[in-house]
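Asker: Below is the file query_38.txt, with compact mmCIF, C-alpha atoms.
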# COMPACT_ATOMS: atom_id res chain seq x y z
CA MET G 233 24.78 1.69 2.36
CA GLU G 234 23.29 3.95 5.04
CA ARG G 235 22.13 6.45 2.43
CA ASN G 236 20.36 3.74 0.42
CA ILE G 237 18.57 2.37 3.49
CA VAL G 238 17.46 5.83 4.56
CA LEU G 239 16.29 6.79 1.06
CA ILE G 240 14.27 3.57 0.81
CA ALA G 241 12.72 4.20 4.24
CA LEU G 242 11.95 7.85 3.52
CA PHE G 243 10.29 7.11 0.20
CA ALA G 244 8.20 4.42 1.90
CA ALA G 245 7.18 7.14 4.37
CA LEU G 246 6.51 9.48 1.43
CA ILE G 247 4.01 7.00 -0.05
CA ALA G 248 2.25 6.99 3.33
CA ALA G 249 2.32 10.79 3.61
CA LEU G 250 0.83 11.14 0.11
CA GLY G 251 -2.01 8.89 1.29
CA LEU G 252 -3.00 11.68 3.69
CA VAL G 253 -3.47 14.20 0.86
CA PRO G 254 -7.25 14.65 0.52
CA LYS G 255 -8.71 12.71 -2.38
CA LEU G 256 -9.42 14.61 -5.53
CA THR G 257 -12.67 13.72 -7.27
CA LEU G 258 -12.68 13.73 -11.07
CA ILE G 259 -15.65 15.09 -13.03
CA SER G 260 -16.68 11.45 -13.56
CA GLY G 261 -17.07 11.10 -9.79
CA VAL G 262 -14.11 8.73 -9.49
CA PRO G 263 -11.88 9.53 -6.50
CA ILE G 264 -8.12 9.54 -7.10
CA SER G 265 -5.60 9.37 -4.27
CA ALA G 266 -2.02 10.59 -4.49
CA GLN G 267 -0.70 7.31 -3.12
CA SER G 268 0.05 5.60 -6.44
CA LEU G 269 1.87 8.81 -7.43
CA GLY G 270 4.22 7.95 -4.57
CA VAL G 271 4.77 4.51 -6.10
CA MET G 272 5.64 6.06 -9.47
CA LEU G 273 8.05 8.48 -7.76
CA CYS G 274 9.78 5.61 -5.96
CA GLY G 275 10.62 4.19 -9.38
CA THR G 276 11.47 7.42 -11.19
CA VAL G 277 13.62 8.84 -8.38
CA LEU G 278 15.16 5.82 -6.65
CA GLY G 279 15.45 3.53 -9.67
CA ALA G 280 14.30 -0.06 -10.14
CA LYS G 281 15.79 -1.96 -7.18
CA ARG G 282 15.59 0.68 -4.48
CA GLY G 283 12.17 1.83 -5.69
CA ALA G 284 10.73 -1.69 -5.50
CA LEU G 285 12.30 -2.16 -2.04
CA ALA G 286 10.71 1.08 -0.81
CA VAL G 287 7.27 -0.12 -1.96
CA LEU G 288 7.90 -3.55 -0.40
CA LEU G 289 8.83 -1.91 2.91
CA PHE G 290 5.67 0.22 2.78
CA LEU G 291 3.50 -2.85 2.13
CA LEU G 292 5.21 -4.74 4.98
CA LEU G 293 4.18 -2.00 7.39
CA VAL G 294 0.62 -2.02 6.03
CA ALA G 295 0.54 -5.80 6.51
CA VAL G 296 1.69 -5.66 10.14
CA GLY G 297 -1.27 -3.39 10.88
CA LEU G 298 -0.34 0.25 10.34
CA PRO G 299 -3.15 2.31 8.73
CA LEU G 300 -0.93 3.77 6.01
CA LEU G 301 -3.13 3.27 2.94
CA ALA G 302 -5.22 6.21 1.70
CA GLY G 303 -8.19 6.84 3.98
CA GLY G 304 -6.44 5.36 7.02
CA ARG G 305 -6.83 1.80 5.77
CA GLY G 306 -4.43 -1.06 6.36
CA GLY G 307 -4.05 -4.48 7.88
CA LEU G 308 -4.03 -7.95 6.38
CA GLY G 309 -7.56 -7.59 4.98
CA MET G 310 -6.23 -5.31 2.25
CA PHE G 311 -4.10 -8.18 0.93
CA VAL G 312 -7.03 -10.53 0.30
CA GLY G 313 -9.62 -7.91 -0.68
CA VAL G 314 -10.81 -6.87 -4.13
CA THR G 315 -7.99 -4.41 -4.78
CA ALA G 316 -5.22 -6.65 -3.39
CA GLY G 317 -3.79 -7.27 -6.88
CA PHE G 318 -2.98 -3.59 -7.21
CA LEU G 319 -1.04 -3.65 -3.92
CA TYR G 320 1.11 -6.58 -5.06
CA GLY G 321 1.39 -4.89 -8.46
CA TRP G 322 2.87 -1.74 -6.89
CA VAL G 323 6.15 -3.57 -6.30
CA ILE G 324 6.45 -4.63 -9.95
CA ALA G 325 5.22 -1.20 -11.07
CA ALA G 326 7.95 0.63 -9.13
CA PHE G 327 10.58 -1.77 -10.48
CA VAL G 328 9.56 -1.44 -14.13
CA THR G 329 9.15 2.35 -13.83
CA GLY G 330 12.64 2.63 -12.34
CA TRP G 331 14.15 0.30 -14.90
CA ILE G 332 12.80 2.35 -17.82
CA VAL G 333 14.09 5.64 -16.37
CA GLU G 334 17.50 4.08 -15.71
CA THR G 335 17.75 2.63 -19.20
CA TRP G 336 16.22 5.31 -21.41
CA ARG G 337 18.59 8.25 -21.03
CA SER G 338 18.54 9.77 -24.51
CA VAL G 339 15.51 12.02 -23.85
CA PRO G 340 14.93 14.78 -21.24
CA LEU G 341 14.10 13.31 -17.82
CA PHE G 342 10.49 14.54 -17.88
CA TRP G 343 9.68 12.45 -20.93
CA SER G 344 11.36 9.26 -19.79
CA ALA G 345 9.86 9.59 -16.26
CA PHE G 346 6.40 10.26 -17.73
CA ALA G 347 6.62 7.36 -20.19
CA ALA G 348 8.04 5.07 -17.49
CA SER G 349 5.17 5.98 -15.15
CA VAL G 350 2.62 5.22 -17.87
CA VAL G 351 4.19 1.86 -18.73
CA GLY G 352 5.18 0.81 -15.18
CA GLY G 353 2.65 2.63 -13.02
CA ILE G 354 -0.39 2.02 -15.25
CA ILE G 355 0.01 -0.75 -17.84
CA VAL G 356 2.17 -3.11 -15.76
CA LEU G 357 0.23 -2.26 -12.58
CA TYR G 358 -3.20 -2.95 -14.08
CA VAL G 359 -2.28 -6.53 -15.07
CA PRO G 360 -2.02 -7.99 -11.53
CA GLY G 361 -4.69 -5.55 -10.33
CA ILE G 362 -7.25 -6.71 -12.89
CA ILE G 363 -6.32 -10.39 -12.43
CA GLY G 364 -6.82 -9.94 -8.67
CA MET G 365 -10.23 -8.35 -9.12
CA ALA G 366 -11.29 -11.07 -11.57
CA LEU G 367 -10.24 -13.80 -9.09
CA VAL G 368 -11.79 -12.29 -5.96
CA LEU G 369 -15.04 -11.25 -7.66
CA ASP G 370 -15.10 -14.40 -9.82
CA LYS G 371 -15.76 -12.39 -12.97
CA PRO G 372 -14.25 -12.60 -16.48
CA LEU G 373 -11.14 -10.46 -17.08
CA ALA G 374 -13.08 -8.20 -19.45
CA VAL G 375 -15.53 -7.25 -16.68
CA ALA G 376 -12.73 -6.66 -14.18
CA THR G 377 -11.03 -4.45 -16.79
CA GLY G 378 -14.28 -2.50 -16.99
CA PHE G 379 -14.16 -1.89 -13.22
CA ALA G 380 -10.61 -0.55 -13.49
CA THR G 381 -10.95 1.78 -16.51
CA PRO G 382 -12.65 4.69 -14.65
CA PHE G 383 -9.35 5.14 -12.79
CA LEU G 384 -7.34 5.50 -16.02
CA PRO G 385 -7.68 9.30 -16.50
CA GLY G 386 -6.58 9.93 -12.91
CA ASP G 387 -3.59 7.66 -13.34
CA VAL G 388 -2.51 9.42 -16.55
CA ILE G 389 -2.65 12.73 -14.67
CA LYS G 390 -0.49 11.17 -11.94
CA ALA G 391 2.05 9.99 -14.55
CA VAL G 392 2.34 13.58 -15.86
CA ILE G 393 2.84 14.86 -12.30
CA ALA G 394 5.42 12.13 -11.62
CA GLY G 395 7.33 13.31 -14.72
CA LEU G 396 7.15 16.97 -13.67
CA VAL G 397 8.17 16.27 -10.07
CA THR G 398 11.06 14.02 -11.11
CA ALA G 399 12.36 16.64 -13.53
CA ALA G 400 12.06 19.34 -10.83
CA LEU G 401 13.95 17.17 -8.32
CA TYR G 402 16.66 16.52 -10.90
CA ARG G 403 17.10 20.27 -11.41
CA ALA G 404 17.27 20.92 -7.66
CA ARG G 405 19.35 17.91 -6.50
CA PRO G 406 20.88 16.12 -9.52
CA ASP G 407 22.80 13.72 -7.27
CA SER G 408 19.69 12.62 -5.42
CA VAL G 409 17.83 11.33 -8.47
CA LEU G 410 19.52 7.95 -8.31
CA SER G 411 17.79 6.60 -11.41
CA ARG G 412 19.84 9.07 -13.49
CA SER G 413 22.99 9.69 -11.50
CA ARG G 414 24.44 6.19 -11.72
CA MET F 89 1.45 6.29 15.08
CA ILE F 90 -1.52 4.20 16.11
CA SER F 91 -1.72 0.70 14.66
CA LEU F 92 -5.01 -1.00 13.82
CA THR F 93 -4.75 -3.32 16.84
CA SER F 94 -7.99 -3.10 18.80
CA PRO F 95 -7.78 -1.66 22.32
CA VAL F 96 -10.68 -3.98 23.29
CA GLU F 97 -9.00 -7.05 24.81
CA THR F 98 -10.21 -10.34 23.34
CA PRO F 99 -9.06 -13.89 24.07
CA PHE F 100 -7.45 -13.85 20.60
CA HIS F 101 -5.00 -11.16 21.73
CA ARG F 102 -3.28 -13.85 23.81
CA TRP F 103 -2.93 -16.38 20.97
CA PRO F 104 0.57 -16.58 19.46
CA ALA F 105 0.85 -14.28 16.42
CA GLY F 106 2.57 -16.93 14.30
CA LEU F 107 -0.26 -19.39 14.91
CA LYS F 108 -2.89 -16.80 13.94
CA LEU F 109 -1.03 -15.91 10.72
CA ALA F 110 -0.56 -19.56 9.75
CA GLY F 111 -4.23 -20.33 10.45
CA LEU F 112 -5.29 -17.27 8.47
CA SER F 113 -3.20 -18.31 5.45
CA ALA F 114 -4.59 -21.85 5.50
CA ALA F 115 -8.21 -20.74 5.96
CA THR F 116 -7.96 -18.11 3.21
CA PHE F 117 -6.43 -20.65 0.82
CA LEU F 118 -9.25 -23.14 1.53
CA MET F 119 -11.91 -20.47 1.08
CA PHE F 120 -10.65 -19.67 -2.42
CA LEU F 121 -10.76 -23.38 -3.31
CA THR F 122 -14.45 -23.93 -2.59
CA ASP F 123 -17.47 -22.50 -4.39
CA ASP F 124 -20.02 -24.04 -2.04
CA PRO F 125 -22.09 -21.15 -0.60
CA TRP F 126 -23.08 -23.22 2.48
CA LEU F 127 -19.44 -23.88 3.44
CA LEU F 128 -18.64 -20.20 2.90
CA LEU F 129 -21.69 -19.18 4.93
CA ALA F 130 -20.42 -21.38 7.76
CA ALA F 131 -16.99 -19.72 7.47
CA LEU F 132 -18.55 -16.25 7.62
CA GLY F 133 -20.67 -17.37 10.59
CA GLY F 134 -17.51 -18.48 12.36
CA VAL F 135 -15.83 -15.14 11.68
CA VAL F 136 -18.85 -13.17 12.96
CA ALA F 137 -18.98 -15.36 16.08
CA ALA F 138 -15.29 -14.70 16.70
CA TYR F 139 -15.91 -10.95 16.47
CA ALA F 140 -18.94 -11.31 18.78
CA ILE F 141 -16.71 -12.84 21.47
CA GLY F 142 -14.93 -9.48 21.58
CA GLY F 143 -18.20 -7.67 22.35
CA TRP F 144 -20.21 -4.94 20.60
CA ARG F 145 -17.48 -2.31 20.41
CA PHE F 146 -15.09 -4.83 18.89
CA LEU F 147 -17.70 -5.96 16.35
CA ALA F 148 -18.46 -2.35 15.39
CA ALA F 149 -14.75 -1.61 14.89
CA GLY F 150 -14.52 -4.72 12.69
CA LEU F 151 -17.43 -3.50 10.55
CA ARG F 152 -15.74 -0.11 10.12
CA LEU F 153 -12.61 -1.88 8.87
CA LEU F 154 -14.74 -3.61 6.22
CA ARG F 155 -15.74 -0.29 4.65
CA PRO F 156 -13.65 -0.69 1.46
CA VAL F 157 -15.44 -3.97 0.72
CA TRP F 158 -19.09 -2.83 0.81
CA VAL F 159 -19.03 -1.08 -2.57
CA PHE F 160 -17.97 -4.32 -4.23
CA VAL F 161 -20.51 -6.37 -2.27
CA VAL F 162 -23.27 -4.10 -3.62
CA VAL F 163 -21.90 -4.24 -7.20
CA VAL F 164 -21.56 -8.04 -7.18
CA ALA F 165 -24.99 -8.51 -5.59
CA ALA F 166 -26.60 -6.27 -8.23
CA TRP F 167 -24.73 -8.12 -11.01
CA HIS F 168 -25.90 -11.53 -9.86
CA LEU F 169 -29.48 -10.36 -9.30
CA TYR F 170 -29.41 -9.14 -12.90
CA THR F 171 -27.97 -12.41 -14.27
CA ALA F 172 -30.17 -14.44 -11.87
CA ASP F 173 -27.12 -16.48 -10.75
CA LEU F 174 -27.81 -16.16 -7.03
CA VAL F 175 -25.77 -19.22 -5.94
CA GLY F 176 -22.59 -18.00 -7.67
CA GLY F 177 -23.13 -14.45 -6.42
CA SER F 178 -23.66 -15.43 -2.80
CA ALA F 179 -20.46 -17.55 -2.90
CA VAL F 180 -18.45 -14.53 -4.11
CA VAL F 181 -19.93 -12.14 -1.55
CA LEU F 182 -19.67 -14.59 1.37
CA ARG F 183 -16.08 -15.48 0.50
CA LEU F 184 -15.07 -11.84 0.19
CA LEU F 185 -16.62 -10.88 3.54
CA ALA F 186 -15.26 -13.96 5.35
CA ALA F 187 -11.72 -13.68 3.95
CA VAL F 188 -11.34 -9.94 4.54
CA GLY F 189 -13.11 -10.17 7.91
CA MET F 190 -10.82 -12.95 9.08
CA ALA F 191 -7.67 -11.13 7.95
CA ASN F 192 -8.84 -7.97 9.72
CA LEU F 193 -9.54 -10.02 12.84
CA VAL F 194 -5.89 -11.12 12.94
CA THR F 195 -4.76 -7.52 12.42
CA MET F 196 -7.09 -6.26 15.18
CA THR F 197 -5.94 -8.83 17.74
CA THR F 198 -2.19 -8.83 17.12
CA ARG F 199 0.09 -6.15 18.51
CA LEU F 200 2.64 -4.44 16.26
CA SER F 201 5.50 -5.78 18.39
CA ASP F 202 4.20 -9.36 18.02
CA MET F 203 3.90 -8.97 14.23
CA ILE F 204 7.46 -7.67 14.04
CA ALA F 205 8.61 -10.60 16.20
CA VAL F 206 7.09 -12.97 13.60
CA ILE F 207 8.96 -11.17 10.82
CA ARG F 208 12.20 -11.48 12.81
CA LEU F 209 11.52 -15.18 13.19
CA LEU F 210 10.89 -15.59 9.45
CA LEU F 211 14.13 -13.77 8.72
CA ALA F 212 16.17 -15.95 11.08
CA PRO F 213 17.32 -18.31 8.30
CA LEU F 214 18.78 -15.29 6.47
CA ARG F 215 20.82 -14.37 9.54
CA ARG F 216 22.04 -17.92 9.82
CA ILE F 217 23.47 -17.86 6.31
CA GLY F 218 25.25 -14.64 7.18
CA LEU F 219 22.97 -11.96 5.73
CA SER F 220 22.34 -8.92 7.88
CA THR F 221 18.75 -8.10 8.76
CA GLY F 222 19.74 -5.01 10.73
CA ALA F 223 19.08 -2.89 7.63
CA LEU F 224 15.44 -3.97 7.55
CA GLU F 225 14.95 -3.35 11.24
CA ILE F 226 16.38 0.16 11.07
CA ALA F 227 14.34 0.86 7.92
CA VAL F 228 11.09 -0.16 9.66
CA ALA F 229 11.86 2.14 12.58
CA LEU F 230 12.73 5.00 10.20
CA VAL F 231 9.43 4.71 8.29
CA ILE F 232 7.39 4.69 11.51
CA ARG F 233 9.24 7.80 12.67
CA PHE F 234 9.12 9.62 9.34
CA VAL F 235 5.46 9.20 8.36
CA PRO F 236 4.32 11.80 10.93
CA VAL F 237 7.33 14.02 10.11
CA LEU F 238 6.56 14.09 6.38
CA ALA F 239 2.82 14.43 7.04
CA GLN F 240 3.57 17.48 9.19
CA LYS F 241 5.85 18.97 6.54
CA GLY F 242 3.23 18.37 3.86
CA GLY F 243 0.65 20.10 6.08
CA ASN F 244 2.96 23.09 6.54
CA LEU F 245 3.55 23.35 2.79
CA ALA F 246 -0.20 23.24 2.10
CA GLU F 247 -0.83 25.91 4.73
CA ALA F 248 1.90 28.17 3.33
CA TRP F 249 0.33 27.73 -0.11
CA ARG F 250 -3.12 28.68 1.18
CA ALA F 251 -1.68 31.85 2.72
CA ARG F 252 -0.56 32.96 -0.74
CA SER F 253 -3.28 31.65 -3.03
CA PRO F 254 -7.05 31.28 -2.95
CA ARG F 255 -6.78 27.90 -4.71
CA ARG F 256 -5.84 24.53 -3.22
CA ALA F 257 -2.22 23.53 -3.39
CA GLY F 258 -2.91 20.02 -4.70
CA TRP F 259 -0.02 18.34 -6.49
CA ARG F 260 2.20 21.43 -6.46
CA ILE F 261 3.45 20.60 -2.98
CA VAL F 262 4.58 17.10 -4.01
CA ALA F 263 7.90 18.27 -5.49
CA PRO F 264 8.97 20.33 -2.43
CA LEU F 265 7.78 17.50 -0.15
CA ALA F 266 9.87 14.92 -2.04
CA LEU F 267 12.80 17.37 -1.99
CA MET F 268 12.51 17.61 1.81
CA ALA F 269 12.48 13.82 2.01
CA LEU F 270 15.66 13.64 -0.09
CA ASP F 271 17.41 16.26 2.06
CA ASP F 272 16.26 14.57 5.28
CA ALA F 273 17.62 11.30 3.92
CA ASP F 274 21.07 12.85 3.52
CA HIS F 275 21.07 14.16 7.09
CA VAL F 276 19.75 10.94 8.62
CA ALA F 277 22.26 8.84 6.66
CA GLU F 278 25.05 11.07 7.95
CA ALA F 279 23.75 10.73 11.51
CA LEU F 280 23.60 6.94 11.17
CA ARG F 281 27.17 6.79 9.88
CA ALA F 282 28.34 9.03 12.72
CA ARG F 283 26.87 6.52 15.16
CA GLY F 284 28.71 3.59 13.66
CA GLY F 285 26.54 2.81 10.66
CA VAL F 286 24.20 -0.06 9.94
CA GLN F 287 25.56 -3.54 10.42
Please render this file's structure as structure tokens.
Answerer:
Amino acid sequence: MERNIVLIALFAALIAALGLVPKLTLISGVPISAQSLGVMLCGTVLGAKRGALAVLLFLLLVAVGLPLLAGGRGGLGMFVGVTAGFLYGWVIAAFVTGWIVETWRSVPLFWSAFAASVVGGIIVLYVPGIIGMALVLDKPLAVATGFATPFLPGDVIKAVIAGLVTAALYRARPDSVLSRSR
Amino acid sequence: MISLTSPVETPFHRWPAGLKLAGLSAATFLMFLTDDPWLLLAALGGVVAAYAIGGWRFLAAGLRLLRPVWVFVVVVAAWHLYTADLVGGSAVVLRLLAAVGMANLVTMTTRLSDMIAVIRLLLAPLRRIGLSTGALEIAVALVIRFVPVLAQKGGNLAEAWRARSPRRAGWRIVAPLALMALDDADHVAEALRARGGVQ
């Protein structure tokens, strides 16, 4: 009980800490922040339920006014803005990512964590994100999808890193990678 | 950690947090129902006037908080100039600015403790049916305490990397940082249990 609560809280803090990592700018000029990598890790390390709860806790603290999103952003405005759909989507993304890692155990952890991050952290995440953009900007879904695609290469890189980091954590502390240990 | 609450005192700081949140939800919902640019212009005018009551410094801080929105305002404006649908475009831009501005206004005028009091109030029914909300309260406190701790540890890792390599550390410090978080979690969980655990 205590360990679960603390792990959820610390991974919520980890998402925030990754938001402080300076943004990397791809050759295409699109900035990528490490924050959604934190969301993927919540799923791949903590598993579906705890991962989603960690993201939910993080979003709660953003909503009450703490500047925890990348670039020191936060507050209620983020939940009605253009990218709000991605914030809501993070919860589902962490859950699906965790569920895939928990279920698909027949391959080495890197591969299942990488695949789970692609499916959960990109495909599943983009659905609410793109719907949100289409609603707020009042544009067709195809146009909103066009706005989101420049971020795709960065997110694939993050999925690879999530796989590598999860595998490294599993080597160092097999008991702590809850998505695999139980 | 500093919250986004504005240090400039406005009359809105004294309004009950629950009332502000309920009003914000209702106003945002209504704004997404209408497409009438004049109504949305009136809404934006109201929001700007509310900021103006707080004075120049408050208004400037509000504009800074709108930074993530400007890119999209420019993109949408350019799009609608190109398609010559100025009425539709102005509705989108006005709604976006009014909705985000209003939400930020609530954030800027409500203290963290008042927000948390609202959450406690919303969770009261859960306590009545016998669920414990102590876990959530301790988790919130832990996150607030551990963001600066992990940020500091990440900074140390990046510095140690720079001492050994001419290149930036980048993602290579994520694994050790997550490992530290896992180890910290074990210690903190033990400390919590030693003090009687979470009820």
Asker: Compute the chain G side of the contact with chain F at 8 Å, counting all atoms listed in the file, and hand it back as a PDB file with C-alpha atoms, in the frame of the given file.
Answerer:
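The resulting file, out_17.pdb, is reproduced below:
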ATOM      1  CA  MET G 233      24.780   1.690   2.360  1.00  0.00           C
ATOM      2  CA  GLU G 234      23.290   3.950   5.040  1.00  0.00           C
ATOM      3  CA  ARG G 235      22.130   6.450   2.430  1.00  0.00           C
ATOM      4  CA  ILE G 237      18.570   2.370   3.490  1.00  0.00           C
ATOM      5  CA  VAL G 238      17.460   5.830   4.560  1.00  0.00           C
ATOM      6  CA  LEU G 239      16.290   6.790   1.060  1.00  0.00           C
ATOM      7  CA  ILE G 240      14.270   3.570   0.810  1.00  0.00           C
ATOM      8  CA  ALA G 241      12.720   4.200   4.240  1.00  0.00           C
ATOM      9  CA  LEU G 242      11.950   7.850   3.520  1.00  0.00           C
ATOM     10  CA  PHE G 243      10.290   7.110   0.200  1.00  0.00           C
ATOM     11  CA  ALA G 244       8.200   4.420   1.900  1.00  0.00           C
ATOM     12  CA  ALA G 245       7.180   7.140   4.370  1.00  0.00           C
ATOM     13  CA  LEU G 246       6.510   9.480   1.430  1.00  0.00           C
ATOM     14  CA  ALA G 248       2.250   6.990   3.330  1.00  0.00           C
ATOM     15  CA  ALA G 249       2.320  10.790   3.610  1.00  0.00           C
ATOM     16  CA  LEU G 250       0.830  11.140   0.110  1.00  0.00           C
ATOM     17  CA  LEU G 252      -3.000  11.680   3.690  1.00  0.00           C
ATOM     18  CA  LEU G 289       8.830  -1.910   2.910  1.00  0.00           C
ATOM     19  CA  LEU G 293       4.180  -2.000   7.390  1.00  0.00           C
ATOM     20  CA  VAL G 296       1.690  -5.660  10.140  1.00  0.00           C
ATOM     21  CA  GLY G 297      -1.270  -3.390  10.880  1.00  0.00           C
ATOM     22  CA  LEU G 298      -0.340   0.250  10.340  1.00  0.00           C
ATOM     23  CA  PRO G 299      -3.150   2.310   8.730  1.00  0.00           C
ATOM     24  CA  ARG G 305      -6.830   1.800   5.770  1.00  0.00           C
ATOM     25  CA  GLY G 306      -4.430  -1.060   6.360  1.00  0.00           C
ATOM     26  CA  GLY G 307      -4.050  -4.480   7.880  1.00  0.00           C
ATOM     27  CA  LEU G 308      -4.030  -7.950   6.380  1.00  0.00           C
ATOM     28  CA  GLY G 309      -7.560  -7.590   4.980  1.00  0.00           C
ATOM     29  CA  MET G 310      -6.230  -5.310   2.250  1.00  0.00           C
ATOM     30  CA  VAL G 312      -7.030 -10.530   0.300  1.00  0.00           C
ATOM     31  CA  GLY G 313      -9.620  -7.910  -0.680  1.00  0.00           C
ATOM     32  CA  VAL G 314     -10.810  -6.870  -4.130  1.00  0.00           C
ATOM     33  CA  VAL G 368     -11.790 -12.290  -5.960  1.00  0.00           C
ATOM     34  CA  LEU G 369     -15.040 -11.250  -7.660  1.00  0.00           C
ATOM     35  CA  ASP G 370     -15.100 -14.400  -9.820  1.00  0.00           C
ATOM     36  CA  ILE G 393       2.840  14.860 -12.300  1.00  0.00           C
ATOM     37  CA  VAL G 397       8.170  16.270 -10.070  1.00  0.00           C
ATOM     38  CA  THR G 398      11.060  14.020 -11.110  1.00  0.00           C
ATOM     39  CA  ALA G 400      12.060  19.340 -10.830  1.00  0.00           C
ATOM     40  CA  LEU G 401      13.950  17.170  -8.320  1.00  0.00           C
ATOM     41  CA  ARG G 405      19.350  17.910  -6.500  1.00  0.00           C
ATOM     42  CA  SER G 408      19.690  12.620  -5.420  1.00  0.00           C
TER      43      SER G 408
END
Asker: Using all atoms listed in the file, pick whichever of G:Leu384, G:Leu341, G:Val287, G:Val351 has the shortest atom-to-atom distance to Tyr402 in chain G.
Answerer: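 Among the listed residues, G:Leu341 lies closest to Tyr402 in chain G.
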Asker: Please provide as a list in words all residues within 6 Å of range 129-142 of chain F, with the sequence filter that same-chain residues fewer than 4 positions apart are discarded (counting all atoms listed in the file).
Answerer: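 Using all atoms listed in the file, the neighbours found are Thr98, Pro125, Phe146, Leu147 and Ala186 of chain F.
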Asker: Asp387 in chain G: which residues within 9 Å, counting all atoms listed in the file, same-chain residues fewer than 3 positions away excluded, as a list of chain:residue names?
Answerer: G:Ile264, G:Ser268, G:Leu269, G:Val350, G:Gly353, G:Ile354, G:Phe383, G:Leu384, G:Lys390, G:Ala391, G:Val392
Asker: Expressed in Å to a single decimal, how great is the separation between CA of Thr276 in chain G and CA of Met365 in chain G?
Answerer: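 Answer for the CA of Thr276 in chain G to CA of Met365 in chain G separation: 26.9 Å.
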Asker: Near Gly364 in chain G, counting only C-alpha atoms, which residues have an atom at most 8 Å away, once you skip same-chain residues fewer than 2 positions from it, shown as JSON, numbers by chain?
Answerer: {"G": [314, 315, 316, 317, 318, 360, 361, 362, 366, 367, 368]}
Asker: Kindly export the residues of the current selection with C-alpha atoms, as a PDB file, in the coordinates of the input.
Answerer:
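Result file follows (out.pdb):
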ATOM      1  CA  VAL G 314     -10.810  -6.870  -4.130  1.00  0.00           C
ATOM      2  CA  THR G 315      -7.990  -4.410  -4.780  1.00  0.00           C
ATOM      3  CA  ALA G 316      -5.220  -6.650  -3.390  1.00  0.00           C
ATOM      4  CA  GLY G 317      -3.790  -7.270  -6.880  1.00  0.00           C
ATOM      5  CA  PHE G 318      -2.980  -3.590  -7.210  1.00  0.00           C
ATOM      6  CA  PRO G 360      -2.020  -7.990 -11.530  1.00  0.00           C
ATOM      7  CA  GLY G 361      -4.690  -5.550 -10.330  1.00  0.00           C
ATOM      8  CA  ILE G 362      -7.250  -6.710 -12.890  1.00  0.00           C
ATOM      9  CA  ALA G 366     -11.290 -11.070 -11.570  1.00  0.00           C
ATOM     10  CA  LEU G 367     -10.240 -13.800  -9.090  1.00  0.00           C
ATOM     11  CA  VAL G 368     -11.790 -12.290  -5.960  1.00  0.00           C
TER      12      VAL G 368
END
Asker: From the set G:Val359, G:Ala374, G:Ala348, G:Val253, which residue has the shortest atom-to-atom contact distance to Val277 in chain G, counting only C-alpha atoms?
Answerer: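 The shortest atom-to-atom distance to Val277 in chain G comes from G:Ala348.
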Asker: Can you tell me, as a list in words, what residues are no more than 8 Å from range 329-335 of chain G when counting only C-alpha atoms, ignoring any on the same chain fewer than 6 positions away?
Answerer: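 Within the cut-off, the hits are Met272, Cys274, Gly275, Thr276, Val277, Leu278, Gly279, Ala280, Lys281, Gly283, Leu341, Ser344, Ala345, Ala348, Ser349, Val351, Gly352, Gly353, Ser411 and Arg412 of chain G.
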Asker: Which distance in Å separates CA of Gly395 in chain G and CA of Leu285 in chain G, to one decimal?
Answerer: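 Between these atoms lies a distance of 20.6 Å.
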Asker: In Å to one decimal, how far is CA of Val328 in chain G from CA of Leu357 in chain G?
Answerer: 9.5 Å
